[in-house]
Amino acid sequence: MARRDEAAGEGTAVSDTRASAPPVAAPGRVVLAMEGIRKTFPGVVALDDVDFEVRAGEVHALLGENGAGKSTLIKIVAGLYRPDAGVIRVDGEPVEFRNPADSLERRIKVVYQELDLVPGLSVAENVFLGGYPRTSHGLVDFAAMRRRTTELLGELGLTIDPDRPVGELRVAQQQLVEIARALSRHAQLIVMDEPTSALSSGEVDILFGVIARLQERGVAIVYVSHKLDEIYRIADRVTVFRDGKRVVTEAAAATTPRQLVAWMVGRDLQDLFPKTAPEIGRPLLEARGVSGSGLHGIDLTVRAGEVVGIFGLMGAGINTVGRVLFGASERAGGTVALDGQAIRPNTPRDAIAKGLGLLTESRKDDGLVLPLSVRANMTLASLSRFANLSWIHGREEARAAGQWVDRLSIKTPSLAQPVRYLSGGNQQKVLMARWLLRQHNLKVLMLAEPTRGIDVGSKAEIYRLIDEMAHGGMGILFMSTEIPEILGIADRILVMREGRITAELTRAEATQERLVAAAAVGRAPASAGVAQEAGD
Amino acid sequence: MERAPALDIEPTARERANPLAGAVRWLFRTQEGILLVVLIALCLLLARLSPVFASERNIFVLLSQMSMTAIVAIGMTLLIVAREIDLSVGSMQAFVGVVAMQALNATEHLLAGLAVALLAGVAVGLVNAGLTLKLKINSFIVTLAMFSIVRGLAYTFTAASVQNHHKLESFRAIGTGFAFTLPGIGRVPWPVVIAAAIFALFAVILNKTTFGRAVYAVGGNPRAAELSGIRVDLIKTLCFVITSVLAALAAFILISRMNSGQNNAGFGFELQVIGAVLLGGASLAGGQGTLLGTLLAVLLLGTLNNGIVLLGINSSWQVAVNGLVIVIAVLLDARRRRSLGQD
Ligand SMILES: Nc1ncnc2c1ncn2[C@@H]1O[C@H](COP(=O)(O)OP(=O)(O)OP(=O)(O)O)[C@@H](O)[C@H]1O
Ligand SMILES: [Mg+2]
């Protein structure tokens with residue numbers, strides 16, 4: 001209690017926290033220890049007798065397949081869930097977190113993927129949310145708040161205008177504001193759940209720079225990610241989970257990626273990109289001079305059997321291409337045709353009827369129907385397949401959905417489970433299954449960041465499915481900010497910058513360097529750009 | 001039973017081995033189960049406290065009254081699941097009542113009167129839908145306006161009431177007659193039969209048809225539904241029209257029971273209906289709710305009101321109790337939503 005008040009309370013307390021870092025635990029000391037943690041949900045054992053510890057000044061990575069229990073562990077640390085059994089110690093003292101405030105009081109801050117900032121408030125107001133500095137008259141000391149925010153951001157090596165409403169910032173910047181907020185509370189442990197899944201590579205660099213600074217100050221970091229390369233860049237130790245159990249905790253340097261994957265999935269993983277030689281046929285999807293929603297003069301063609309990748313940095317508009325062609329975002333000009341038939345602008349229904357599909361990048365906004373079951377979410381776009389005169393044949397529907405649950409290894413206690421209770425990666429798989437279930441009526445399928453939040457093993461399966469569909473004569477438009485996967489599966493790559501297609505590379509021509517160069521031309525180097533740039 | 005498949009709580013392995021454990025979990029863990037337990041407890045209590053409660057006559061009157069609420073609540077469930085609402089169903093009782101009675105007097109034909117009532121329902125439903133969807137105004141505001149407009153129309157139509165001048169036999173039977181006799185139980189009133197039929201029809205529609213699935217999807221996430229090829233506006237329009245038509249049907253039963261169409265009928269009725277739907281487990285956030293829950297909530301509220309009367313408690317409490325029920329239902333809803341956590 002005392003500590004939080006100090007941090008949150010009067011102006012004096014706030015000002016003496018400047019560069020002299022607050023008393024953080026000595027390096028190497030165990031900050032958080034969890035013993036015998038168990039957490040169950042109806043029909044699911046999410047965590048089973050888990051031991052876990054974090055030391056001051058370390059970056060401790062959590063790894064595991066989708067549904068392994070990583071987010072559940074984090075929510076317990078955050079005070080959102082209470083464990084069924086087990087002990088949590090902070091600084092050696094047993095604690096009981098009844099709510100997020102209890103956890104904050106122990107100087108633990110969790111940065112979720114869906115950030116809990118207040119979009120309408122300014123950066124400074126968000127940083128000090130819940131503990132504004134006061135003047136001697138008891139009024140909010142806005143000047144001090146602004147100054148402190150600039151200082152805190154400065155300590156992280158960032159320049160973000162403290163007066164800007166947080167809603168205008170990009171996700172990457174919002175995340176950094178969350179971290180600044182953690183600092184304003186003297187956090188000794190910062191937990192990040194898949195922080196990089198919506199960041200471009202330049203933004204990731206900035207985040208990692210910040211993490212390094214935090215580490216120097218002795219702050220402990222728990223870091224969840226499905227990207228192994230990131231783990232090797234920043235993690236000191238890794239803990240791998242499988243099916244709710246801790247498999248191993250090991251110094252990152254002492255492991256190999258192959259080993260990590262084997263621990264995660266319990267077997268050796270074969271080829272990540274099972275790409276076979278394409279048989280490219282007639283043009284299917286043809287866009288000419290498409291504009292609107294920030295796009296300018298987009299021309300592209302996707303042929304039967306072809307996987308066309310679109311690559312660009314965050315904000316380049318790659319996902320918007322799919323949305324505009326499909327009709328999910330405003331198309332102001334240009335024509336779109338599918339197999340010779342014109343597609344009406346701004347009517348997704350027309351696009352679907354003519355054989356176009358789109359998996360959007362924003363899972364919660366326009367993908368999942370959270371209160372509905374896994375099954376209903378899967379069959380949402382193909383329900384007529386299982387219906388006669390509008391009458392749904394429940395058994396056929398369940399069988400078809402069940403097949404994809406198996407094939408994509410979706411972890412759910414039943415098909416009837418509301419999709420909101422699935423882990424993030426499993427939710428993403430459900431959305432993928434929605435279009436896979438419709439594949440026989442599709443000529444072209446557009447996928448925006450389809451593997452976001454998906455574990456390594458399942459990624460390989462999704463790439464295999466994409467390859468299979470292309471082989472069946474479908475055209476695939478694959479939008480991604482991840483270079484390895486776009487190099488791995490695309491036959492041809494379009495590179496975008498600021499709403500325009502700026503380069504086109506064949507599979508043979510494409511390399512990481514060329515993609516990066518084409519995407520970044522004319523831009524400030526990404527590392528300096530991010531913190532400044534407007535939310536485009 | 002008539003739960004939405006989407007919201008089915010599938011038995012765990014242990015429960016499959018022991019169905020009793022599953023039943024117990026259903027009773028105490030789901031909104032429907034809890035309502036059923038409370039309803040039975042309330043009935044047993046009232047039967048002990050009041051000799052009148054379990055009498056054939058009381059049960060019939062009670063069931064007939066609840067039937068009208070149930071009919072409208074069925075439509076309202078669809079609408080609330082689709083993330084819309086209709087506050088005009090109470091005023092519809094007055095407006096449709098006076099218009100239909102007038103039509104009956106003019107035509108002396110039962111079906112003609114019924115047709116006029118239902119058409120009035122379609123018309124109001126289309127206006128609600130049109131204003132809400134085309135002008136993109138919140139349906140709460142639109143139907144609040146319609147709440148006044150429709151009541152006003154009833155006032156302009158007649159100074160107080162339209163009396164029955166046609167004396168059709170069949171007309172009175174709809175509200176007060178008996179459809180058939182269940183051996184060993186007793187005679188079953190027409191309103192109960194009508195409500196049961198509508199319940200069964202919509203339970204099937206909501207759970208077994210693509211339309212029903214679309215209603216849940218549209219309410220749960222309209223954007224996602226649209227991007228999956230569902231005609232969101234069409235589905236919502238149908239829900240508005242179904243609700244208004246069912247409200248009109250209830251109004252027709254009401255004038256038969258009262259033997260006149262009165263311009264002050266149905267005051268506060270919309271709150272009764274919406275309160276029942278929310279208590280039944282539907283969420284104002286959309287995508288959630290079952291007809292079984294709604295039906296049980298209607299029965300529970302009706303019985304509660306009946307108990308207040310039978311026990312000689314000042315009947316103005318009824319109104320307060322309705323308000324209280326809405327508060328409780330909304331609190332439960334908020335608590336449910338909060339416990340869902342975040343990912
Ligand atoms: N509130 C809940 N209700 C029911 N089941 C839940 C709930 N939260 C999580 N689960 C289940 O617990 C298991 C672990 O989920 P968790 O979110 O911790 O996985 P994760 O390791 O974070 O996976 P991902 O990599 O996909 O994010 C999953 O099977 C999930 O379905
Ligand atoms: Mg997770």
# chains A, B, ... in the order shown; residues from 1 in each chain; ligands from 1
$ interface_residues --of "chain A" --to "chain B" --cutoff "9 Å" --atoms "only C-alpha atoms" --output "NGL selection string"
:A and (42-43 or 71 or 75 or 80-81 or 112-114 or 326-328 or 347-353 or 357-358 or 364-377 or 380-384 or 387 or 389-394 or 413-418 or 420-421 or 423-424 or 434)
$ write_last_selection --atoms "C-alpha atoms" --output "short mmCIF file (atom, residue, chain, number, x, y, z; two decimals), in the first residue's frame"
data_model
loop_
_atom_site.label_atom_id
_atom_site.label_comp_id
_atom_site.auth_asym_id
_atom_site.auth_seq_id
_atom_site.Cartn_x
_atom_site.Cartn_y
_atom_site.Cartn_z
CA PRO A 42 -14.99 -26.02 -16.94
CA GLY A 43 -13.61 -28.89 -18.99
CA SER A 71 -1.91 -16.05 -20.84
CA LYS A 75 -3.65 -13.24 -15.75
CA LEU A 80 -7.41 -11.16 -12.97
CA TYR A 81 -7.76 -14.87 -12.19
CA TYR A 112 -1.82 -6.91 -22.52
CA GLN A 113 -2.14 -7.23 -26.21
CA GLU A 114 -5.39 -5.35 -26.02
CA PHE A 326 -13.54 -7.33 -50.55
CA GLY A 327 -15.76 -4.34 -49.83
CA ALA A 328 -15.09 -4.19 -46.12
CA THR A 347 -20.69 -4.93 -50.50
CA PRO A 348 -18.88 -7.88 -48.93
CA ARG A 349 -21.90 -10.01 -49.64
CA ASP A 350 -21.45 -9.57 -53.37
CA ALA A 351 -17.77 -10.43 -53.14
CA ILE A 352 -18.52 -13.59 -51.18
CA ALA A 353 -21.26 -14.63 -53.56
CA GLY A 357 -13.03 -14.65 -49.18
CA LEU A 358 -11.25 -12.42 -46.67
CA LYS A 364 -11.93 -9.16 -32.21
CA ASP A 365 -13.28 -6.23 -34.21
CA ASP A 366 -14.66 -7.90 -37.27
CA GLY A 367 -13.76 -11.56 -37.03
CA LEU A 368 -15.01 -13.37 -33.96
CA VAL A 369 -18.55 -13.41 -32.71
CA LEU A 370 -17.43 -13.73 -29.11
CA PRO A 371 -20.59 -15.04 -27.44
CA LEU A 372 -21.12 -17.73 -30.07
CA SER A 373 -19.75 -21.24 -30.01
CA VAL A 374 -16.61 -22.44 -31.76
CA ARG A 375 -18.84 -24.31 -34.17
CA ALA A 376 -21.09 -21.36 -35.02
CA ASN A 377 -18.07 -19.14 -35.55
CA LEU A 380 -20.63 -18.56 -40.16
CA ALA A 381 -19.59 -18.02 -43.78
CA SER A 382 -20.59 -21.47 -45.04
CA LEU A 383 -23.78 -22.20 -43.17
CA SER A 384 -25.83 -22.69 -46.31
CA ALA A 387 -28.70 -26.16 -44.50
CA LEU A 389 -34.27 -24.47 -47.03
CA SER A 390 -32.65 -22.69 -44.12
CA TRP A 391 -32.91 -25.77 -41.85
CA ILE A 392 -29.47 -26.51 -40.35
CA HIS A 393 -28.38 -30.12 -40.26
CA GLY A 394 -26.65 -29.95 -36.92
CA PRO A 413 -13.21 -28.59 -24.54
CA SER A 414 -16.06 -28.87 -27.05
CA LEU A 415 -17.49 -27.46 -30.25
CA ALA A 416 -20.13 -25.75 -28.14
CA GLN A 417 -17.58 -23.74 -26.14
CA PRO A 418 -18.16 -20.00 -26.62
CA ARG A 420 -14.45 -16.05 -26.19
CA TYR A 421 -12.98 -18.65 -23.83
CA SER A 423 -6.80 -18.74 -26.16
CA GLY A 424 -5.76 -16.05 -28.62
CA ARG A 434 -14.24 -20.25 -41.21
#
$ residues_around --residues "Phe157 (chain B)" --least-positions-apart "4" --cutoff "9 Å" --atoms "only C-alpha atoms" --output "ChimeraX atom specification"
/B:95,98-99,152-153,161,263
$ write_last_selection --atoms "C-alpha atoms" --output "mmCIF file, in the first residue's frame"
data_model
loop_
_atom_site.group_PDB
_atom_site.id
_atom_site.type_symbol
_atom_site.label_atom_id
_atom_site.label_comp_id
_atom_site.auth_asym_id
_atom_site.auth_seq_id
_atom_site.Cartn_x
_atom_site.Cartn_y
_atom_site.Cartn_z
ATOM 1 C CA PHE B 95 -53.218 1.346 -30.769
ATOM 2 C CA VAL B 98 -58.641 0.197 -30.836
ATOM 3 C CA VAL B 99 -57.930 -0.175 -34.541
ATOM 4 C CA GLY B 152 -50.846 9.275 -29.418
ATOM 5 C CA LEU B 153 -52.407 7.610 -32.450
ATOM 6 C CA SER B 161 -62.335 2.975 -25.894
ATOM 7 C CA ASN B 263 -56.549 3.650 -25.556
#
$ closest_residue --among "B:Pro191, B:Val142, B:Gly97, B:Glu84" --to "Val61 (chain B)" --atoms "only C-alpha atoms"
B:Pro191
$ atom_distance --atom1 "CA of Ser256 (chain B)" --atom2 "CA of Ala160 (chain B)"
16.7 Å
$ residues_near_ligand --ligand "ligand 1" --cutoff "7 Å" --atoms "only C-alpha atoms and all ligand atoms" --output "list in words"
Phe41, Pro42, Val44, Val45, Ala46, Gly64, Glu65, Asn66, Gly67, Ala68, Gly69, Lys70, Ser71, Thr72, Leu73, Gly244, Lys411, Thr412, Tyr421, Leu422, Ser423, Gly424, Gly425, Asn426, Gly453, Ile454 and Asp455 of chain A; Leu340 and Gly341 of chain B
$ write_last_selection --atoms "C-alpha atoms" --output "compact mmCIF listing (two decimals), in the first residue's frame"
# COMPACT_ATOMS: atom_id res chain seq x y z
CA PHE A 41 -11.94 -23.86 -16.23
CA PRO A 42 -14.99 -26.02 -16.94
CA VAL A 44 -10.07 -27.47 -19.19
CA VAL A 45 -7.02 -27.72 -16.99
CA ALA A 46 -5.27 -24.53 -18.03
CA GLY A 64 4.25 -22.86 -25.64
CA GLU A 65 1.67 -23.93 -28.14
CA ASN A 66 -1.65 -22.14 -28.41
CA GLY A 67 -3.66 -22.93 -25.34
CA ALA A 68 -0.66 -24.09 -23.33
CA GLY A 69 -1.57 -21.74 -20.50
CA LYS A 70 0.75 -18.75 -20.95
CA SER A 71 -1.91 -16.05 -20.84
CA THR A 72 -3.63 -17.79 -17.96
CA LEU A 73 -0.43 -17.66 -15.94
CA GLY A 244 -0.76 -26.50 -18.86
CA LYS A 411 -7.71 -26.56 -28.25
CA THR A 412 -11.26 -26.41 -26.96
CA TYR A 421 -12.98 -18.65 -23.83
CA LEU A 422 -10.40 -19.89 -26.31
CA SER A 423 -6.80 -18.74 -26.16
CA GLY A 424 -5.76 -16.05 -28.62
CA GLY A 425 -4.05 -18.38 -31.06
CA ASN A 426 -6.91 -20.83 -31.02
CA GLY A 453 -0.51 -15.26 -32.54
CA ILE A 454 -0.32 -18.80 -33.87
CA ASP A 455 2.27 -21.24 -32.55
CA LEU B 340 -15.60 -12.97 -18.74
CA GLY B 341 -12.28 -11.24 -18.25
$ closest_residue --among "B:Met66, B:Val321, B:Leu331, B:Ile185" --to "Gly302 (chain B)" --atoms "only C-alpha atoms"
B:Met66
$ residues_around --residues "Gly261 (chain B)" --least-positions-apart "3" --cutoff "10 Å" --atoms "only C-alpha atoms" --output "short mmCIF file (atom, residue, chain, number, x, y, z; two decimals) with C-alpha atoms, in the first residue's frame"
data_model
loop_
_atom_site.label_atom_id
_atom_site.label_comp_id
_atom_site.auth_asym_id
_atom_site.auth_seq_id
_atom_site.Cartn_x
_atom_site.Cartn_y
_atom_site.Cartn_z
CA GLN B 93 -51.50 -2.76 -27.08
CA ALA B 94 -53.62 0.37 -27.13
CA PHE B 95 -53.22 1.35 -30.77
CA VAL B 96 -53.71 -2.09 -32.29
CA GLY B 97 -56.53 -2.75 -29.84
CA VAL B 98 -58.64 0.20 -30.84
CA VAL B 99 -57.93 -0.18 -34.54
CA ALA B 100 -58.65 -3.89 -34.59
CA MET B 101 -61.86 -3.49 -32.61
CA GLN B 102 -63.00 -0.83 -35.01
CA ALA B 154 -54.53 5.50 -30.13
CA THR B 158 -60.85 7.24 -29.75
CA ALA B 160 -61.41 6.31 -24.38
CA SER B 161 -62.33 2.98 -25.89
CA VAL B 162 -63.93 1.16 -28.80
CA GLN B 163 -66.65 -1.17 -27.58
CA ASN B 164 -67.58 -4.53 -29.02
CA ALA B 251 -53.14 -6.83 -28.36
CA PHE B 252 -55.77 -8.79 -30.23
CA LEU B 254 -56.17 -8.48 -24.94
CA ILE B 255 -59.18 -6.84 -26.58
CA SER B 256 -60.88 -10.18 -26.67
CA ARG B 257 -60.32 -10.59 -22.94
CA MET B 258 -61.45 -7.05 -22.14
CA ASN B 264 -54.86 3.30 -22.16
CA ALA B 265 -54.14 -0.41 -22.49
#
$ closest_residue --among "B:Leu249, B:Val327, B:Ala173, B:Val277" --to "Leu114 (chain B)" --atoms "only C-alpha atoms"
B:Leu249
$ residues_around --residues "region 212-229 of chain A" --least-positions-apart "2" --cutoff "6 Å" --atoms "only C-alpha atoms" --output "list in words"
Pro27, Ala56, Gly57, Glu58, Val59, His60, Ala61, Leu62, Gln188, Leu189, Ile190, Val191, Met192, Asp193, Glu194, Gly209, Val210, Ile231, Tyr232 and Asp455 of chain A
$ closest_residue --among "A:Pro195, A:Pro100, A:Gly120, A:Gly138" --to "ligand 2" --atoms "only C-alpha atoms and all ligand atoms"
A:Pro195
$ select_by_dssp --residues "region 1-215 of chain B" --states "alpha helix (DSSP H)" --output "NGL selection string"
:B and (13-17 or 19-29 or 31-49 or 56-81 or 89-107 or 110-134 or 139-157 or 169-176 or 190-208 or 210-215)
